[in-house]
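A.B. asks: A single structure is presented below for examination.
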Amino acid sequence: MSERRTELAERAAEVRETLAEAARRAGRAPGDITLVAVSKFHAASDVRALAGAGQADFGENYVQEALAKREALADLGLNWHFIGGLQSNKARFVVGNFCLVHSVDSHKLAQALHKKASELGVVQDILIQVNGAGEAQKSGITEENLIPLAEAVLGMGGVRLVGLMTLPPFFDDPARARPVFARLRELRDALEARLGHRLPHLSMGMTGDFVPAVEEGATLVRIGTRIFGARPRRT
Ligand SMILES: *Cc1c(COP(=O)(O)O)cnc(C)c1O
C-alpha cells in the first residue's frame, strides 16, 4: 500500500470515528450519515487511493474538473456529488453524471436540470441550497424564497427534491455554525409538513464544523481538508 493511500485511509477513518461519536451523542445511528469526501483540486490518484480504502462518495465543485475525474475513475463506480455553484447553462453537463446535486439555488437552474433530465429520460436527485445566515453568506436561496422554489420543483418531473443543503460562513468557533444547522433542520421539517413530501436529506457540515452539523441532524457531510489536507492552488 502506498504511503499516500495509508495516510488518506487513516485520515478518513479518524473522520468516520468522530462522526460516529457525534451521531451516538445525538442518539442517531452512525450509518445514517454519509461522508462525502470533497476532492476538488486534488488529483484523481488521491481519489483512487481513498476509494481503495473503501470511500465511495466524493464531492466536486467544478464541472470540467469533476467530469474529467469521473471519466478517469469510471472503473471504480463511485458516487459523485455536485456541491459547487452551478450556472444554469452548465446544468446539461451535470444531469445523470452525479448521484446528487447539492446546490440548486434558483428556479432557472432547477428548470435547466429538469429539461435535460427529461431529454435523457432520467430523474436527477437534487437538494435546494439555503442561505441560512443572511448577508454573511453569499450562496443559496433566501428563506422566504424557499417554499416557492420547492413547490415549483415538485412540479418538475425531471428532478426529485430529497432535502436541503447549507454552507455557513466560516466561523473561528464551530459552535457559531450550530444555529444555522438547527435552522436548516427546522426549515426542512416545516417544508416536509407543508408539501407532504419526504425530504430525508440535510447536507451540512465541513472540516471545521461537521460535529455540530451531525448533532443537529446532517445526513450528508462534505469534508475536504480534514481528509486530503490543504487544497493545492488552482493552476
Ligand atoms: C470545498 C467545500 C467543502 C469542503 O470544505 P473543507 O473545509 O475543506 O472540508 C464542503 N462543501 C462545499 C460546498 C465546498 O465548496
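Identifiers in the C-alpha cells: chain A, B, ... in order shown; residue index from 1 per chain; ligand index from 1 in order shown.
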Check which residues fall inside 8 Å of ligand 1 when counting only C-alpha atoms and all ligand atoms, and print them as a count of residues only.

C.D. replies: 26

A.B. asks: For Asn79 of chain A, find every residue with an atom within 10 Å (counting only C-alpha atoms), except residues of its own chain fewer than 5 positions away, and show them as a PyMOL selection string.

C.D. replies: chain A and resi 36+55-59+70+97-100

A.B. asks: Env of Arg185 of chain A: 12 Å cut, atoms = only C-alpha atoms, seq-sep filter 6 positions within chain, self excluded. Answer as a list in words.

C.D. replies: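 Final neighbour list, sorted by chain and number: Val130, Gly132, Gly163, Leu164, Met165, Thr166, Arg178, Pro179, Leu191, Glu192, Leu199, Pro200, His201, Leu202, Ser203, Met204, Ala213, Val214, Glu215, Glu216, Gly217, Ala218 and Thr219 of chain A.
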
A.B. asks: Please dump the current selection as a PDB file, in the first residue's frame; keep C-alpha atoms.

C.D. replies:
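Once written, selection39.pdb looks like this:
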ATOM      1  CA  VAL A 130     -30.471  27.588   1.576  1.00  0.00           C
ATOM      2  CA  GLY A 132     -29.206  30.319   6.395  1.00  0.00           C
ATOM      3  CA  GLY A 163     -33.630  17.629   1.006  1.00  0.00           C
ATOM      4  CA  LEU A 164     -31.751  20.826   1.795  1.00  0.00           C
ATOM      5  CA  MET A 165     -28.144  21.963   1.923  1.00  0.00           C
ATOM      6  CA  THR A 166     -26.399  24.868   3.604  1.00  0.00           C
ATOM      7  CA  ARG A 178     -24.808  25.309  15.106  1.00  0.00           C
ATOM      8  CA  PRO A 179     -27.829  27.654  14.918  1.00  0.00           C
ATOM      9  CA  LEU A 191     -41.322  22.172   4.358  1.00  0.00           C
ATOM     10  CA  GLU A 192     -41.979  18.441   4.616  1.00  0.00           C
ATOM     11  CA  LEU A 199     -37.134  15.355   2.467  1.00  0.00           C
ATOM     12  CA  PRO A 200     -34.785  12.869   4.124  1.00  0.00           C
ATOM     13  CA  HIS A 201     -31.503  14.664   3.490  1.00  0.00           C
ATOM     14  CA  LEU A 202     -29.677  17.517   5.180  1.00  0.00           C
ATOM     15  CA  SER A 203     -26.286  18.267   3.605  1.00  0.00           C
ATOM     16  CA  MET A 204     -24.382  20.291   6.174  1.00  0.00           C
ATOM     17  CA  ALA A 213     -23.806  19.565  11.973  1.00  0.00           C
ATOM     18  CA  VAL A 214     -24.159  15.865  12.784  1.00  0.00           C
ATOM     19  CA  GLU A 215     -25.552  16.658  16.219  1.00  0.00           C
ATOM     20  CA  GLU A 216     -28.174  18.833  14.506  1.00  0.00           C
ATOM     21  CA  GLY A 217     -29.206  16.156  12.016  1.00  0.00           C
ATOM     22  CA  ALA A 218     -26.877  16.154   8.987  1.00  0.00           C
ATOM     23  CA  THR A 219     -27.257  13.085   6.758  1.00  0.00           C
TER      24      THR A 219
END

A.B. asks: Name all residues at most 10 Å from Leu86 of chain A (count only C-alpha atoms; drop same-chain ones fewer than 6 positions away) and give them as number ranges by chain.

C.D. replies: A: 61-63, 94, 101-106, 109

A.B. asks: Write out, as a JSON list (two decimals), in the first residue's frame, the residues just selected, with all heavy atoms.

C.D. replies:
[["chain", "number", "residue", "atom", "x", "y", "z"],
["A", 61, "ASN", "N", -16.73, 20.54, -7.07],
["A", 61, "ASN", "CA", -17.33, 21.87, -7.23],
["A", 61, "ASN", "C", -17.34, 22.41, -8.65],
["A", 61, "ASN", "O", -18.07, 23.35, -8.94],
["A", 61, "ASN", "CB", -16.58, 22.91, -6.40],
["A", 61, "ASN", "CG", -16.75, 22.74, -4.93],
["A", 61, "ASN", "OD1", -16.45, 21.68, -4.39],
["A", 61, "ASN", "ND2", -17.25, 23.77, -4.26],
["A", 62, "TYR", "N", -16.45, 21.90, -9.48],
["A", 62, "TYR", "CA", -16.28, 22.50, -10.81],
["A", 62, "TYR", "C", -16.56, 21.45, -11.87],
["A", 62, "TYR", "O", -16.01, 20.35, -11.83],
["A", 62, "TYR", "CB", -14.87, 23.08, -10.95],
["A", 62, "TYR", "CG", -14.61, 24.11, -9.88],
["A", 62, "TYR", "CD1", -13.97, 23.77, -8.69],
["A", 62, "TYR", "CD2", -15.09, 25.42, -10.03],
["A", 62, "TYR", "CE1", -13.79, 24.71, -7.68],
["A", 62, "TYR", "CE2", -14.91, 26.36, -9.02],
["A", 62, "TYR", "CZ", -14.26, 26.00, -7.85],
["A", 62, "TYR", "OH", -14.10, 26.93, -6.86],
["A", 63, "VAL", "N", -17.44, 21.81, -12.83],
["A", 63, "VAL", "CA", -17.96, 20.83, -13.77],
["A", 63, "VAL", "C", -16.85, 20.13, -14.55],
["A", 63, "VAL", "O", -16.81, 18.89, -14.59],
["A", 63, "VAL", "CB", -18.97, 21.50, -14.74],
["A", 63, "VAL", "CG1", -19.42, 20.51, -15.81],
["A", 63, "VAL", "CG2", -20.17, 22.02, -13.97],
["A", 94, "VAL", "N", -24.21, 18.18, -16.06],
["A", 94, "VAL", "CA", -24.26, 17.60, -14.71],
["A", 94, "VAL", "C", -25.28, 16.46, -14.62],
["A", 94, "VAL", "O", -25.04, 15.44, -13.97],
["A", 94, "VAL", "CB", -24.58, 18.73, -13.70],
["A", 94, "VAL", "CG1", -25.02, 18.18, -12.37],
["A", 94, "VAL", "CG2", -23.36, 19.64, -13.55],
["A", 101, "VAL", "N", -27.19, 16.57, -6.82],
["A", 101, "VAL", "CA", -26.74, 17.95, -6.97],
["A", 101, "VAL", "C", -27.18, 18.69, -5.70],
["A", 101, "VAL", "O", -28.37, 18.81, -5.43],
["A", 101, "VAL", "CB", -27.37, 18.62, -8.22],
["A", 101, "VAL", "CG1", -26.92, 20.08, -8.33],
["A", 101, "VAL", "CG2", -26.99, 17.85, -9.48],
["A", 102, "HIS", "N", -26.19, 19.13, -4.89],
["A", 102, "HIS", "CA", -26.50, 19.71, -3.58],
["A", 102, "HIS", "C", -26.87, 21.19, -3.66],
["A", 102, "HIS", "O", -27.33, 21.74, -2.67],
["A", 102, "HIS", "CB", -25.27, 19.62, -2.67],
["A", 102, "HIS", "CG", -24.87, 18.24, -2.26],
["A", 102, "HIS", "ND1", -24.59, 17.91, -0.95],
["A", 102, "HIS", "CD2", -24.69, 17.09, -2.97],
["A", 102, "HIS", "CE1", -24.24, 16.62, -0.87],
["A", 102, "HIS", "NE2", -24.29, 16.10, -2.08],
["A", 103, "SER", "N", -26.59, 21.84, -4.77],
["A", 103, "SER", "CA", -26.50, 23.30, -4.79],
["A", 103, "SER", "C", -27.53, 23.98, -5.68],
["A", 103, "SER", "O", -27.22, 24.99, -6.31],
["A", 103, "SER", "CB", -25.09, 23.66, -5.24],
["A", 103, "SER", "OG", -24.72, 22.87, -6.39],
["A", 104, "VAL", "N", -28.75, 23.47, -5.72],
["A", 104, "VAL", "CA", -29.78, 24.13, -6.53],
["A", 104, "VAL", "C", -30.30, 25.35, -5.78],
["A", 104, "VAL", "O", -30.81, 25.24, -4.66],
["A", 104, "VAL", "CB", -30.92, 23.16, -6.89],
["A", 104, "VAL", "CG1", -32.04, 23.89, -7.63],
["A", 104, "VAL", "CG2", -30.38, 22.00, -7.72],
["A", 105, "ASP", "N", -30.14, 26.53, -6.38],
["A", 105, "ASP", "CA", -30.47, 27.76, -5.65],
["A", 105, "ASP", "C", -31.32, 28.72, -6.48],
["A", 105, "ASP", "O", -31.46, 29.89, -6.11],
["A", 105, "ASP", "CB", -29.19, 28.46, -5.17],
["A", 105, "ASP", "CG", -28.30, 28.86, -6.33],
["A", 105, "ASP", "OD1", -28.63, 28.53, -7.48],
["A", 105, "ASP", "OD2", -27.27, 29.52, -6.08],
["A", 106, "SER", "N", -31.88, 28.25, -7.59],
["A", 106, "SER", "CA", -32.75, 29.13, -8.36],
["A", 106, "SER", "C", -33.72, 28.31, -9.20],
["A", 106, "SER", "O", -33.47, 27.13, -9.52],
["A", 106, "SER", "CB", -31.93, 30.03, -9.30],
["A", 106, "SER", "OG", -31.42, 29.28, -10.38],
["A", 109, "LEU", "N", -32.10, 27.36, -12.58],
["A", 109, "LEU", "CA", -31.22, 26.19, -12.54],
["A", 109, "LEU", "C", -32.05, 24.89, -12.43],
["A", 109, "LEU", "O", -31.78, 23.93, -13.15],
["A", 109, "LEU", "CB", -30.24, 26.30, -11.36],
["A", 109, "LEU", "CG", -29.35, 25.09, -11.11],
["A", 109, "LEU", "CD1", -28.52, 24.74, -12.35],
["A", 109, "LEU", "CD2", -28.43, 25.35, -9.91]]

A.B. asks: For a quick check of understanding, using only C-alpha atoms, which of A:His81, A:His197, A:Arg188, A:Arg25 has the smallest distance to Leu67 of chain A?

C.D. replies: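 Comparing A:His81, A:His197, A:Arg188, A:Arg25 against Leu67 of chain A, the winner is A:His81.
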